[in-house]
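*Asks:* Hey, dropping entry33.cif in here, mmCIF, C-alpha atoms:
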data_protein
#
loop_
_atom_site.label_atom_id
_atom_site.label_comp_id
_atom_site.auth_asym_id
_atom_site.auth_seq_id
_atom_site.Cartn_x
_atom_site.Cartn_y
_atom_site.Cartn_z
CA MET V 1 24.08 -52.70 21.94
CA THR V 2 22.21 -49.88 20.18
CA LYS V 3 18.84 -50.90 18.80
CA ARG V 4 18.46 -50.54 15.05
CA ASN V 5 16.13 -47.73 13.94
CA THR V 6 15.31 -49.37 10.62
CA PRO V 7 15.02 -53.01 9.50
CA ARG V 8 17.53 -54.74 7.28
CA VAL V 9 16.26 -54.81 3.70
CA GLN V 10 17.77 -56.96 0.96
CA THR V 11 16.71 -55.81 -2.49
CA PHE V 12 16.70 -57.91 -5.65
CA GLY V 13 16.07 -56.78 -9.21
CA CYS V 14 15.26 -53.44 -10.71
CA ARG V 15 15.72 -49.79 -9.82
CA LEU V 16 12.04 -49.55 -8.96
CA ASN V 17 12.62 -52.13 -6.24
CA ILE V 18 15.43 -49.94 -4.89
CA TRP V 19 13.03 -47.00 -4.67
CA GLU V 20 10.36 -49.13 -3.03
CA SER V 21 12.85 -50.50 -0.51
CA GLU V 22 13.35 -46.94 0.77
CA VAL V 23 9.58 -46.62 1.31
CA LEU V 24 9.13 -49.94 3.05
CA ARG V 25 12.30 -49.50 5.13
CA ALA V 26 10.86 -46.33 6.66
CA GLN V 27 7.33 -47.68 7.08
CA ALA V 28 8.42 -50.98 8.62
CA GLY V 29 10.69 -49.14 11.03
CA ALA V 30 7.90 -46.75 12.01
CA ALA V 31 5.63 -49.75 12.67
CA GLY V 32 8.13 -51.18 15.14
CA LEU V 33 9.69 -53.82 12.88
CA SER V 34 13.23 -52.49 13.26
CA ASP V 35 14.64 -55.94 14.03
CA ALA V 36 13.03 -57.68 11.04
CA ILE V 37 14.83 -58.80 7.90
CA ILE V 38 12.88 -57.93 4.75
CA PHE V 39 13.49 -59.46 1.32
CA ASN V 40 12.19 -57.38 -1.60
CA THR V 41 12.17 -60.04 -4.35
CA CYS V 42 12.33 -60.02 -8.14
CA ALA V 43 10.58 -62.39 -10.58
CA VAL V 44 12.23 -61.44 -13.88
CA THR V 45 14.22 -64.69 -14.03
CA ALA V 46 14.25 -68.01 -12.24
CA GLU V 47 17.80 -67.19 -11.15
CA ALA V 48 16.60 -64.06 -9.34
CA GLU V 49 14.13 -66.13 -7.35
CA LYS V 50 16.78 -68.77 -6.62
CA GLN V 51 19.11 -66.11 -5.24
CA ALA V 52 16.36 -64.77 -3.00
CA ARG V 53 15.60 -68.23 -1.60
CA GLN V 54 19.27 -68.82 -0.88
CA ALA V 55 19.57 -65.47 0.88
CA ILE V 56 16.48 -66.20 2.99
CA ARG V 57 17.83 -69.57 4.11
CA LYS V 58 21.17 -68.01 5.04
CA ALA V 59 19.43 -65.24 6.97
CA ARG V 60 17.49 -67.82 8.99
CA ARG V 61 20.66 -69.75 9.77
CA ASP V 62 22.42 -66.59 10.90
CA HIS V 63 19.41 -65.15 12.75
CA PRO V 64 17.29 -68.08 14.00
CA ASP V 65 14.92 -65.93 16.10
CA THR V 66 14.41 -62.99 13.73
CA ARG V 67 11.19 -62.18 11.89
CA ILE V 68 11.74 -62.69 8.13
CA ILE V 69 9.32 -60.92 5.77
CA VAL V 70 9.19 -61.59 2.03
CA THR V 71 7.66 -59.13 -0.42
CA GLY V 72 8.17 -57.98 -4.03
CA CYS V 73 7.19 -59.36 -7.42
CA ALA V 74 7.98 -63.01 -6.71
CA ALA V 75 5.95 -62.90 -3.50
CA GLN V 76 3.03 -61.25 -5.31
CA ILE V 77 2.94 -63.80 -8.13
CA ALA V 78 3.26 -66.96 -6.00
CA PRO V 79 2.68 -66.01 -2.34
CA ASP V 80 1.98 -69.56 -1.16
CA LEU V 81 5.34 -70.82 -2.39
CA TRP V 82 7.16 -68.29 -0.24
CA ALA V 83 4.83 -68.75 2.73
CA ASP V 84 5.59 -72.49 2.60
CA MET V 85 9.30 -71.86 3.18
CA PRO V 86 9.95 -72.77 6.85
CA GLU V 87 12.38 -69.85 7.12
CA VAL V 88 9.72 -67.25 6.22
CA THR V 89 7.58 -65.60 8.89
CA GLN V 90 5.34 -63.36 6.80
CA VAL V 91 4.57 -62.61 3.14
CA LEU V 92 3.44 -59.20 1.91
CA GLY V 93 2.08 -58.27 -1.53
CA ASN V 94 3.67 -55.79 -3.92
CA HIS V 95 1.07 -53.05 -3.49
CA ASP V 96 0.58 -53.81 0.21
CA LYS V 97 4.29 -53.26 0.92
CA LEU V 98 3.89 -49.54 0.13
CA LYS V 99 1.09 -48.97 2.67
CA ALA V 100 1.91 -48.04 6.26
CA GLU V 101 -1.13 -49.91 7.58
CA SER V 102 0.20 -53.18 6.10
CA TRP V 103 3.35 -52.95 8.20
CA GLU V 104 1.30 -52.06 11.24
CA LYS V 105 -0.78 -55.20 10.71
CA LEU V 106 2.31 -57.37 10.41
CA ALA V 107 3.84 -55.83 13.52
CA ALA V 108 0.72 -56.67 15.51
CA ILE V 109 0.95 -60.38 14.61
CA ASP V 110 3.76 -62.56 15.95
CA GLY V 111 2.99 -65.64 13.87
CA SER V 112 2.90 -66.39 10.18
CA THR V 113 0.90 -64.01 8.00
CA LEU V 114 0.06 -63.80 4.31
CA LEU V 115 -1.15 -60.34 3.26
CA VAL V 116 -1.42 -60.12 -0.53
CA SER V 117 -4.01 -58.04 -2.41
CA ASN V 118 -5.15 -58.64 -6.02
CA ILE V 119 -2.70 -56.45 -7.93
CA MET V 120 -4.96 -56.33 -11.00
CA GLU V 121 -7.59 -54.48 -8.98
CA VAL V 122 -5.19 -51.71 -7.95
CA HIS V 123 -5.73 -48.39 -9.76
CA GLU V 124 -3.54 -45.96 -7.86
CA THR V 125 0.22 -45.53 -7.60
CA ALA V 126 2.06 -45.02 -4.34
CA SER V 127 2.08 -41.34 -3.39
CA HIS V 128 5.08 -41.51 -1.07
CA LEU V 129 7.79 -38.87 -1.19
CA VAL V 130 11.21 -40.35 -0.53
CA ASP V 131 13.34 -37.53 0.88
CA SER V 132 16.70 -39.32 0.77
CA PHE V 133 18.23 -42.67 -0.11
CA HIS V 134 19.88 -45.08 2.29
CA LYS V 135 23.54 -45.50 1.20
CA HIS V 136 22.82 -44.00 -2.25
CA THR V 137 23.99 -40.68 -3.67
CA ARG V 138 21.76 -41.13 -6.70
CA ALA V 139 18.03 -41.22 -6.03
CA PHE V 140 15.42 -43.23 -7.89
CA LEU V 141 12.04 -41.59 -8.38
CA GLN V 142 9.03 -43.73 -9.29
CA VAL V 143 7.01 -42.09 -12.07
CA GLN V 144 4.69 -44.98 -12.86
CA GLN V 145 3.81 -48.50 -11.83
CA GLY V 146 2.69 -51.60 -13.72
CA CYS V 147 2.53 -52.42 -17.43
CA ASP V 148 -0.28 -52.66 -19.96
CA HIS V 149 1.74 -54.77 -22.41
CA ARG V 150 1.89 -58.54 -22.37
CA CYS V 151 5.22 -59.63 -23.78
CA THR V 152 5.16 -63.40 -24.11
CA PHE V 153 8.27 -63.94 -21.96
CA CYS V 154 7.33 -61.60 -19.11
CA ILE V 155 5.57 -62.39 -15.84
CA ILE V 156 6.04 -58.93 -14.34
CA PRO V 157 2.55 -57.47 -15.14
CA TYR V 158 1.14 -60.17 -12.85
CA GLY V 159 3.40 -58.93 -10.09
CA ARG V 160 2.93 -55.22 -10.76
CA GLY V 161 -0.52 -54.82 -12.28
CA ASN V 162 -1.48 -52.44 -15.07
CA ASN V 163 0.04 -49.05 -15.86
CA ARG V 164 -0.61 -46.31 -13.28
CA SER V 165 1.10 -42.93 -13.65
CA VAL V 166 2.11 -40.50 -10.90
CA PRO V 167 0.88 -36.95 -11.73
CA LYS V 168 3.52 -34.31 -12.52
CA SER V 169 2.82 -32.21 -9.43
CA GLY V 170 3.67 -35.03 -7.04
CA LEU V 171 6.86 -35.81 -8.93
CA VAL V 172 8.01 -32.20 -8.83
CA ASP V 173 7.48 -32.12 -5.05
CA ALA V 174 9.39 -35.39 -4.65
CA ALA V 175 12.30 -34.20 -6.80
CA LYS V 176 12.52 -30.92 -4.87
CA ASN V 177 12.67 -32.83 -1.59
CA LEU V 178 15.44 -35.06 -2.89
CA VAL V 179 17.51 -32.08 -4.06
CA ALA V 180 16.93 -30.28 -0.75
CA ASN V 181 18.39 -33.31 1.01
CA GLY V 182 21.58 -33.29 -1.06
CA CYS V 183 20.70 -35.44 -4.05
CA LYS V 184 22.72 -34.55 -7.16
CA GLU V 185 21.12 -37.01 -9.59
CA VAL V 186 17.56 -38.27 -9.91
CA VAL V 187 16.80 -41.37 -11.97
CA LEU V 188 13.22 -41.65 -13.24
CA THR V 189 12.13 -45.24 -12.82
CA GLY V 190 9.13 -47.52 -13.10
CA VAL V 191 8.08 -50.76 -14.75
CA ASP V 192 7.50 -49.11 -18.15
CA ILE V 193 8.31 -45.40 -17.88
CA THR V 194 7.67 -44.90 -21.62
CA SER V 195 3.96 -45.49 -20.81
CA TRP V 196 3.92 -42.65 -18.28
CA GLY V 197 0.91 -40.42 -18.88
CA ASN V 198 -1.22 -42.87 -20.89
CA ASP V 199 -3.77 -42.97 -18.06
CA LEU V 200 -3.67 -39.24 -17.21
CA PRO V 201 -5.89 -36.45 -18.62
CA SER V 202 -4.66 -35.24 -22.04
CA ARG V 203 -2.33 -38.28 -22.15
CA PRO V 204 1.04 -36.47 -21.82
CA ARG V 205 4.19 -38.35 -22.78
CA LEU V 206 7.46 -38.98 -20.99
CA GLY V 207 9.25 -36.13 -22.78
CA ASN V 208 6.67 -33.70 -21.42
CA LEU V 209 7.36 -34.92 -17.88
CA VAL V 210 11.14 -34.66 -18.33
CA ARG V 211 10.89 -31.09 -19.60
CA HIS V 212 8.51 -30.13 -16.78
CA LEU V 213 10.80 -31.54 -14.08
CA LEU V 214 13.85 -29.76 -15.45
CA GLU V 215 11.95 -26.49 -15.67
CA GLU V 216 10.44 -26.73 -12.20
CA VAL V 217 13.45 -28.14 -10.35
CA LYS V 218 16.13 -25.79 -11.63
CA ASP V 219 18.71 -26.70 -8.97
CA LEU V 220 18.68 -30.41 -9.92
CA PRO V 221 22.11 -30.97 -11.52
CA ARG V 222 21.42 -34.29 -13.25
CA LEU V 223 18.33 -36.14 -14.43
CA ARG V 224 18.62 -39.66 -15.79
CA LEU V 225 16.15 -42.11 -17.33
CA SER V 226 15.95 -45.82 -16.58
CA SER V 227 14.98 -48.34 -19.27
CA ILE V 228 12.83 -46.96 -22.09
CA ASP V 229 10.94 -48.58 -24.97
CA PRO V 230 12.24 -47.88 -28.51
CA ALA V 231 8.84 -48.67 -30.06
CA GLU V 232 7.97 -45.08 -30.87
CA LEU V 233 9.91 -41.83 -30.96
CA ASP V 234 8.89 -39.21 -28.42
CA ALA V 235 9.54 -35.90 -30.20
CA GLU V 236 9.56 -33.82 -27.03
CA LEU V 237 11.97 -36.20 -25.32
CA MET V 238 14.33 -35.83 -28.26
CA ASP V 239 13.98 -32.04 -28.05
CA VAL V 240 14.88 -32.04 -24.35
CA LEU V 241 17.82 -34.35 -24.99
CA ALA V 242 19.13 -31.81 -27.49
CA ASP V 243 18.31 -28.68 -25.45
CA ASP V 244 19.09 -29.41 -21.80
CA PRO V 245 22.51 -30.79 -20.76
CA ARG V 246 21.08 -31.75 -17.35
CA LEU V 247 19.35 -34.71 -19.02
CA MET V 248 22.12 -37.27 -18.99
CA PRO V 249 23.31 -38.58 -22.38
CA HIS V 250 22.70 -42.25 -21.61
CA LEU V 251 19.58 -44.07 -22.79
CA HIS V 252 18.99 -47.69 -21.85
CA LEU V 253 16.72 -49.45 -24.34
CA SER V 254 14.39 -52.36 -23.73
CA ALA V 255 15.52 -53.84 -27.04
CA GLN V 256 15.32 -57.57 -26.14
CA HIS V 257 16.34 -58.87 -29.58
CA GLY V 258 17.57 -57.98 -33.04
CA ASP V 259 15.52 -60.43 -35.11
CA ASP V 260 12.10 -59.32 -36.31
CA ILE V 261 10.58 -62.82 -36.19
CA ILE V 262 11.62 -63.26 -32.56
CA LEU V 263 10.47 -59.73 -31.66
CA LYS V 264 7.03 -60.61 -33.05
CA ARG V 265 6.96 -63.88 -31.10
CA MET V 266 7.94 -61.91 -28.03
CA LYS V 267 4.95 -59.65 -28.78
CA ARG V 268 7.17 -56.61 -28.66
CA ARG V 269 5.86 -53.39 -30.17
CA HIS V 270 8.99 -52.63 -32.19
CA LEU V 271 11.14 -54.17 -34.91
CA ALA V 272 14.90 -54.02 -35.33
CA ARG V 273 14.63 -50.98 -37.61
CA ASP V 274 12.86 -49.06 -34.85
CA ILE V 275 15.86 -49.57 -32.56
CA MET V 276 18.15 -48.19 -35.25
CA ARG V 277 15.81 -45.27 -35.95
CA PHE V 278 15.68 -44.38 -32.26
CA CYS V 279 19.47 -44.45 -31.86
CA ASP V 280 20.09 -42.52 -35.07
CA GLU V 281 17.67 -39.76 -34.07
CA ALA V 282 19.05 -39.48 -30.55
CA ARG V 283 22.62 -39.23 -31.89
CA ARG V 284 21.53 -36.60 -34.39
CA ARG V 285 20.16 -34.55 -31.50
CA ARG V 286 22.98 -35.20 -29.01
CA SER V 287 26.36 -36.31 -30.32
CA ASP V 288 27.63 -37.55 -26.94
CA VAL V 289 24.68 -39.85 -26.22
CA VAL V 290 25.47 -43.51 -25.53
CA PHE V 291 23.14 -46.48 -25.36
CA GLY V 292 22.60 -49.48 -23.17
CA ALA V 293 20.21 -52.31 -23.95
CA ASP V 294 18.55 -55.37 -22.47
CA VAL V 295 18.89 -58.41 -24.76
CA ILE V 296 17.49 -61.91 -24.24
CA ALA V 297 19.58 -64.85 -25.40
CA GLY V 298 18.05 -68.15 -26.45
CA PHE V 299 14.39 -67.19 -26.73
CA PRO V 300 12.24 -70.16 -27.85
CA THR V 301 12.57 -70.93 -31.60
CA GLU V 302 15.62 -68.63 -31.94
CA THR V 303 17.77 -69.84 -34.85
CA ASP V 304 21.46 -69.27 -35.49
CA GLN V 305 20.42 -66.53 -37.91
CA GLY V 306 18.18 -64.96 -35.29
CA HIS V 307 20.99 -64.95 -32.75
CA GLN V 308 23.30 -63.37 -35.32
CA ALA V 309 20.70 -60.65 -35.91
CA SER V 310 21.00 -59.64 -32.25
CA LEU V 311 24.79 -59.49 -32.55
CA ASP V 312 24.48 -57.41 -35.72
CA MET V 313 21.99 -55.04 -34.10
CA ILE V 314 24.31 -54.39 -31.15
CA VAL V 315 27.14 -53.41 -33.49
CA ALA V 316 24.97 -51.41 -35.90
CA ALA V 317 23.30 -49.42 -33.10
CA ASN V 318 26.66 -49.15 -31.28
CA ILE V 319 25.28 -50.36 -27.95
CA THR V 320 27.83 -49.60 -25.23
CA HIS V 321 26.30 -50.99 -22.01
CA LEU V 322 24.73 -54.41 -22.63
CA HIS V 323 22.61 -56.39 -20.16
CA VAL V 324 22.27 -60.00 -21.33
CA PHE V 325 19.51 -62.20 -19.94
CA PRO V 326 19.65 -65.93 -20.72
CA TYR V 327 16.07 -66.92 -21.45
CA SER V 328 14.36 -68.87 -18.69
CA PRO V 329 10.72 -69.97 -18.96
CA ARG V 330 8.32 -68.37 -16.51
CA VAL V 331 5.27 -70.48 -15.66
CA GLY V 332 2.11 -68.74 -16.83
CA THR V 333 3.67 -66.98 -19.83
CA PRO V 334 3.01 -67.91 -23.50
CA ALA V 335 6.73 -68.27 -24.24
CA ALA V 336 6.98 -71.09 -21.70
CA GLU V 337 4.70 -73.13 -23.98
CA MET V 338 6.82 -72.53 -27.10
CA PRO V 339 9.51 -74.98 -28.31
CA GLN V 340 12.46 -74.44 -25.97
CA LEU V 341 16.15 -74.36 -26.85
CA LYS V 342 18.62 -76.64 -25.13
CA PRO V 343 20.26 -75.06 -22.05
CA GLU V 344 23.74 -75.42 -23.54
CA ILE V 345 22.68 -73.44 -26.63
CA ILE V 346 21.27 -70.66 -24.44
CA LYS V 347 24.48 -70.62 -22.42
CA THR V 348 26.66 -70.45 -25.55
CA ARG V 349 24.64 -67.63 -27.09
CA SER V 350 24.59 -65.70 -23.80
CA ARG V 351 28.37 -65.99 -23.65
CA ALA V 352 28.70 -64.69 -27.22
CA LEU V 353 26.48 -61.69 -26.47
CA ARG V 354 28.37 -60.87 -23.29
CA LEU V 355 31.70 -61.13 -25.11
CA LEU V 356 30.47 -58.72 -27.77
CA GLY V 357 29.14 -56.42 -25.05
CA ALA V 358 32.55 -56.40 -23.36
CA GLN V 359 34.21 -55.58 -26.70
CA GLN V 360 31.74 -52.77 -27.35
CA LEU V 361 32.36 -51.28 -23.92
CA GLU V 362 36.14 -51.62 -24.25
CA GLY V 363 36.08 -49.80 -27.59
CA PHE V 364 33.97 -47.01 -26.16
CA LEU V 365 36.18 -46.61 -23.10
CA ASP V 366 39.30 -46.44 -25.26
CA SER V 367 37.66 -43.74 -27.38
CA ALA V 368 37.02 -41.68 -24.22
CA LEU V 369 40.71 -41.27 -23.38
CA GLY V 370 41.66 -37.61 -23.45
CA THR V 371 38.09 -36.36 -23.15
CA LYS V 372 36.40 -34.43 -20.34
CA ASP V 373 33.55 -35.68 -18.15
CA GLN V 374 31.78 -35.02 -14.89
CA LEU V 375 31.92 -37.63 -12.14
CA LEU V 376 29.31 -38.06 -9.42
CA VAL V 377 31.31 -39.56 -6.57
CA GLU V 378 29.35 -42.41 -4.99
CA LYS V 379 31.74 -44.47 -2.88
CA GLY V 380 35.50 -44.75 -2.45
CA ASN V 381 36.31 -42.05 -5.04
CA CYS V 382 34.31 -44.01 -7.64
CA GLY V 383 31.04 -43.23 -9.36
CA HIS V 384 29.49 -42.65 -12.76
CA GLY V 385 30.09 -40.14 -15.51
CA ARG V 386 27.39 -38.34 -17.43
CA ASN V 387 27.09 -41.24 -19.91
CA PHE V 388 26.87 -43.77 -17.02
CA THR V 389 30.43 -45.00 -17.50
CA LYS V 390 32.14 -46.05 -14.28
CA ILE V 391 34.91 -43.61 -13.35
CA ARG V 392 37.49 -43.70 -10.58
CA LEU V 393 38.97 -40.41 -9.44
CA ASP V 394 42.75 -40.45 -9.27
CA GLY V 395 44.42 -38.37 -6.56
CA GLU V 396 42.68 -36.50 -3.74
CA ILE V 397 39.87 -38.16 -1.85
CA CYS V 398 36.45 -36.63 -2.54
CA PRO V 399 33.38 -37.17 -0.36
CA SER V 400 30.35 -39.05 -1.67
CA GLY V 401 27.80 -36.88 -3.42
CA ARG V 402 30.35 -34.48 -4.90
CA LEU V 403 30.22 -33.58 -8.61
CA VAL V 404 33.75 -33.38 -9.99
CA ASP V 405 34.87 -32.24 -13.46
CA VAL V 406 37.54 -34.66 -14.67
CA ASP V 407 39.95 -35.30 -17.50
CA ILE V 408 39.92 -38.95 -18.56
CA VAL V 409 43.51 -40.22 -18.46
CA ARG V 410 43.30 -44.00 -18.84
CA ARG V 411 41.16 -47.12 -18.89
CA ASP V 412 41.20 -49.60 -16.02
CA GLY V 413 39.35 -52.76 -17.04
CA ASP V 414 35.68 -51.90 -17.52
CA SER V 415 36.01 -48.40 -16.05
CA LEU V 416 37.85 -45.14 -16.64
CA VAL V 417 40.29 -43.20 -14.48
CA GLY V 418 39.92 -39.43 -14.29
CA ARG V 419 41.88 -36.58 -12.74
CA LYS V 420 40.25 -33.54 -11.24
CA ARG V 421 40.28 -30.77 -13.80
CA ALA V 422 41.95 -27.50 -12.86
CA ARG V 423 39.68 -24.46 -12.65
CA GLY V 424 39.31 -22.64 -15.93
CA THR V 425 40.32 -25.59 -18.10
#
Take the structure in the file and give it back as structure tokens.
*Replies:*
Amino acid sequence: MTKRNTPRVQTFGCRLNIWESEVLRAQAGAAGLSDAIIFNTCAVTAEAEKQARQAIRKARRDHPDTRIIVTGCAAQIAPDLWADMPEVTQVLGNHDKLKAESWEKLAAIDGSTLLVSNIMEVHETASHLVDSFHKHTRAFLQVQQGCDHRCTFCIIPYGRGNNRSVPKSGLVDAAKNLVANGCKEVVLTGVDITSWGNDLPSRPRLGNLVRHLLEEVKDLPRLRLSSIDPAELDAELMDVLADDPRLMPHLHLSAQHGDDIILKRMKRRHLARDIMRFCDEARRRRSDVVFGADVIAGFPTETDQGHQASLDMIVAANITHLHVFPYSPRVGTPAAEMPQLKPEIIKTRSRALRLLGAQQLEGFLDSALGTKDQLLVEKGNCGHGRNFTKIRLDGEICPSGRLVDVDIVRRDGDSLVGRKRARGT
């Protein structure tokens, strides 16, 4: 049997975790931990933690003698809880997981280990350059880490620390390396990428970074943004959206709710009108732009009218790709101390939001029939279009990583089917 060169890594949660899994996969392998199983956990919801625990128990049953290492946000926030699991060998903190010396320390110790630094005392971001992505044709590039905001429902700042931005020069080098290794699309990611630059000299904004990357990495075909905050318009970002077609026309908003009272109780920095203003301005600049959004269902004190406001906002802003999160209290957050809704109410409202999201997506997909798009083939002739819609290529088999111009011919469930466009058409 051939020995594995890299450890098995199971990633939960956000795109930033996907990026970090590439870093820790390489560093753990270099430290001699090729046979370990590493769980990069998420703490956004109780369900995410439950899934990680189930996966860890299954891994121990299937691999009784293998070293199991747990890291990520959940491990950072409550390291002792994970260390107490009999299936877990070692626990590593969120900042520690990005340092080569941490993996070397773990490799040198056979028994149980808990290595977790105080994330609130960390002031630097990881400076790693990820040259390629394991089993991914799209690459995620970390532009910042942490969050300075304290939304009442969110535990993530305690797992990630405060905002730390990666300077532009390092990001340009990283993007060039990714393109040189065959990457066709780079996704800028972080905990709160809208806050990029707040801690850098002259306090540049995200739009400035996007423009700089597109100017300096001219052979990058596609640049995409992960979740952004609609609290304030970034004029330069809107300019780039209008001027450069390489910035993909899909913006995913951290909207969270459509009711102003709930948004204030969430301690969000925007109101419902700010979401509408953001979408209206982006559409004015780029007619083909589409929007996704994160929305929380059943936040404490949410009334029927408040829930309806979220439904109304989704329709008014014409949100196409909806991510619905049933509210779950996180110990240590202010929202956990607020009057909670009954679980069945949260479940019913989550179902209503998801149903509306499915209807919104279906309407958008139907409107795309007969249009042209560009598909980035990811796996099995399937991938994503420029507006992040899932597309399956009909006909000839194309290798992963290929950009294909397509005519959209039909809808297939929650995705589109495209045919390769003839040259010159």
*Asks:* Would you mind listing what lies within 10 Å of V:His149 as a list in words, with all atoms listed in the file counted and same-chain residues fewer than 5 positions away left out?
*Replies:* Cys154, Pro157, Asn162, Asn163, Asp192, Ser195, Lys267, Arg268 and Arg269 of chain V
*Asks:* Excluding stretch 397-410 of chain V and any residue of its chain fewer than 5 positions from it, enumerate the residues within 8 Å of it, using all atoms listed in the file, and give them as a list in words.
*Replies:*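 The contact residues come out as Thr137, Gly182, Cys183, Lys184, Asp366, Ala368, Leu369, Gly370, Thr371, Lys372, Asp373, Gln374, Leu375, Leu376, Val377, Glu378, Lys379, Gly380, Asn381, Leu416, Val417, Gly418, Arg419, Lys420 and Arg421 of chain V.
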*Asks:* Convert the output of the PyMOL selection byres ((chain V and resi 77) around 12) on the shown file into explicit residues, formatted as a PDB file with C-alpha atoms, in the coordinates of the input.
*Replies:*
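Final output, saved to expr.pdb:
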ATOM      1  CA  THR V  41      12.170 -60.040  -4.350  1.00  0.00           C
ATOM      2  CA  CYS V  42      12.330 -60.020  -8.140  1.00  0.00           C
ATOM      3  CA  ALA V  43      10.580 -62.390 -10.580  1.00  0.00           C
ATOM      4  CA  VAL V  44      12.230 -61.440 -13.880  1.00  0.00           C
ATOM      5  CA  GLU V  49      14.130 -66.130  -7.350  1.00  0.00           C
ATOM      6  CA  THR V  71       7.660 -59.130  -0.420  1.00  0.00           C
ATOM      7  CA  GLY V  72       8.170 -57.980  -4.030  1.00  0.00           C
ATOM      8  CA  CYS V  73       7.190 -59.360  -7.420  1.00  0.00           C
ATOM      9  CA  ALA V  74       7.980 -63.010  -6.710  1.00  0.00           C
ATOM     10  CA  ALA V  75       5.950 -62.900  -3.500  1.00  0.00           C
ATOM     11  CA  GLN V  76       3.030 -61.250  -5.310  1.00  0.00           C
ATOM     12  CA  ALA V  78       3.260 -66.960  -6.000  1.00  0.00           C
ATOM     13  CA  PRO V  79       2.680 -66.010  -2.340  1.00  0.00           C
ATOM     14  CA  ASP V  80       1.980 -69.560  -1.160  1.00  0.00           C
ATOM     15  CA  LEU V  81       5.340 -70.820  -2.390  1.00  0.00           C
ATOM     16  CA  TRP V  82       7.160 -68.290  -0.240  1.00  0.00           C
ATOM     17  CA  VAL V  91       4.570 -62.610   3.140  1.00  0.00           C
ATOM     18  CA  LEU V  92       3.440 -59.200   1.910  1.00  0.00           C
ATOM     19  CA  GLY V  93       2.080 -58.270  -1.530  1.00  0.00           C
ATOM     20  CA  ASN V  94       3.670 -55.790  -3.920  1.00  0.00           C
ATOM     21  CA  HIS V  95       1.070 -53.050  -3.490  1.00  0.00           C
ATOM     22  CA  VAL V 116      -1.420 -60.120  -0.530  1.00  0.00           C
ATOM     23  CA  SER V 117      -4.010 -58.040  -2.410  1.00  0.00           C
ATOM     24  CA  ASN V 118      -5.150 -58.640  -6.020  1.00  0.00           C
ATOM     25  CA  ILE V 119      -2.700 -56.450  -7.930  1.00  0.00           C
ATOM     26  CA  MET V 120      -4.960 -56.330 -11.000  1.00  0.00           C
ATOM     27  CA  ILE V 155       5.570 -62.390 -15.840  1.00  0.00           C
ATOM     28  CA  ILE V 156       6.040 -58.930 -14.340  1.00  0.00           C
ATOM     29  CA  PRO V 157       2.550 -57.470 -15.140  1.00  0.00           C
ATOM     30  CA  TYR V 158       1.140 -60.170 -12.850  1.00  0.00           C
ATOM     31  CA  GLY V 159       3.400 -58.930 -10.090  1.00  0.00           C
ATOM     32  CA  ARG V 160       2.930 -55.220 -10.760  1.00  0.00           C
ATOM     33  CA  GLY V 161      -0.520 -54.820 -12.280  1.00  0.00           C
ATOM     34  CA  ARG V 330       8.320 -68.370 -16.510  1.00  0.00           C
ATOM     35  CA  VAL V 331       5.270 -70.480 -15.660  1.00  0.00           C
ATOM     36  CA  GLY V 332       2.110 -68.740 -16.830  1.00  0.00           C
TER      37      GLY V 332
END
*Asks:* At a cut-off of 12 Å from (9.0, -30.3, -21.1) in the coordinates of the file, what residues are picked up using all atoms listed in the file, written as a PyMOL selection string?
*Replies:* chain V and resi 168+204-217+234-241+243-244+247
*Asks:* Write out the residues from the selection above, keeping C-alpha atoms, as a compact mmCIF listing (two decimals), in the coordinates of the input.
*Replies:*
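Generated file (result29.txt):
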# COMPACT_ATOMS: atom_id res chain seq x y z
CA LYS V 168 3.52 -34.31 -12.52
CA PRO V 204 1.04 -36.47 -21.82
CA ARG V 205 4.19 -38.35 -22.78
CA LEU V 206 7.46 -38.98 -20.99
CA GLY V 207 9.25 -36.13 -22.78
CA ASN V 208 6.67 -33.70 -21.42
CA LEU V 209 7.36 -34.92 -17.88
CA VAL V 210 11.14 -34.66 -18.33
CA ARG V 211 10.89 -31.09 -19.60
CA HIS V 212 8.51 -30.13 -16.78
CA LEU V 213 10.80 -31.54 -14.08
CA LEU V 214 13.85 -29.76 -15.45
CA GLU V 215 11.95 -26.49 -15.67
CA GLU V 216 10.44 -26.73 -12.20
CA VAL V 217 13.45 -28.14 -10.35
CA ASP V 234 8.89 -39.21 -28.42
CA ALA V 235 9.54 -35.90 -30.20
CA GLU V 236 9.56 -33.82 -27.03
CA LEU V 237 11.97 -36.20 -25.32
CA MET V 238 14.33 -35.83 -28.26
CA ASP V 239 13.98 -32.04 -28.05
CA VAL V 240 14.88 -32.04 -24.35
CA LEU V 241 17.82 -34.35 -24.99
CA ASP V 243 18.31 -28.68 -25.45
CA ASP V 244 19.09 -29.41 -21.80
CA LEU V 247 19.35 -34.71 -19.02
*Asks:* Have a look at atom CA of V:Leu98 and atom CA of V:Ile193 and let me know their distance in Å, one decimal.
*Replies:*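 According to the coordinates, atom CA of V:Leu98 and atom CA of V:Ile193 are separated by 19.0 Å.
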*Asks:* What does the PyMOL selection byres ((chain V and resi 300-316) around 8) select in this file, as a list in words?
*Replies:*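 Listing what the PyMOL selection byres ((chain V and resi 300-316) around 8) selects in the shown file: His257, Gly258, Asp259, Ile261, Ile262, Ala272, Met276, Val295, Ala297, Gly298, Phe299, Ala317, Asn318, Ile319, Ala335, Met338, Pro339, Gln340, Leu341, Arg349, Leu353, Leu356 and Gln360 of chain V.
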*Asks:* With 6 Å added on each side, what axis-aligned box encloses every listed atom of stretch 45-53 of chain V? Give the centre and edge lengths in Å to one decimal, as lines of an AutoDock Vina configuration file.
*Replies:*
center_x = 16.6
center_y = -66.4
center_z = -7.8
size_x = 17.0
size_y = 16.7
size_z = 24.4
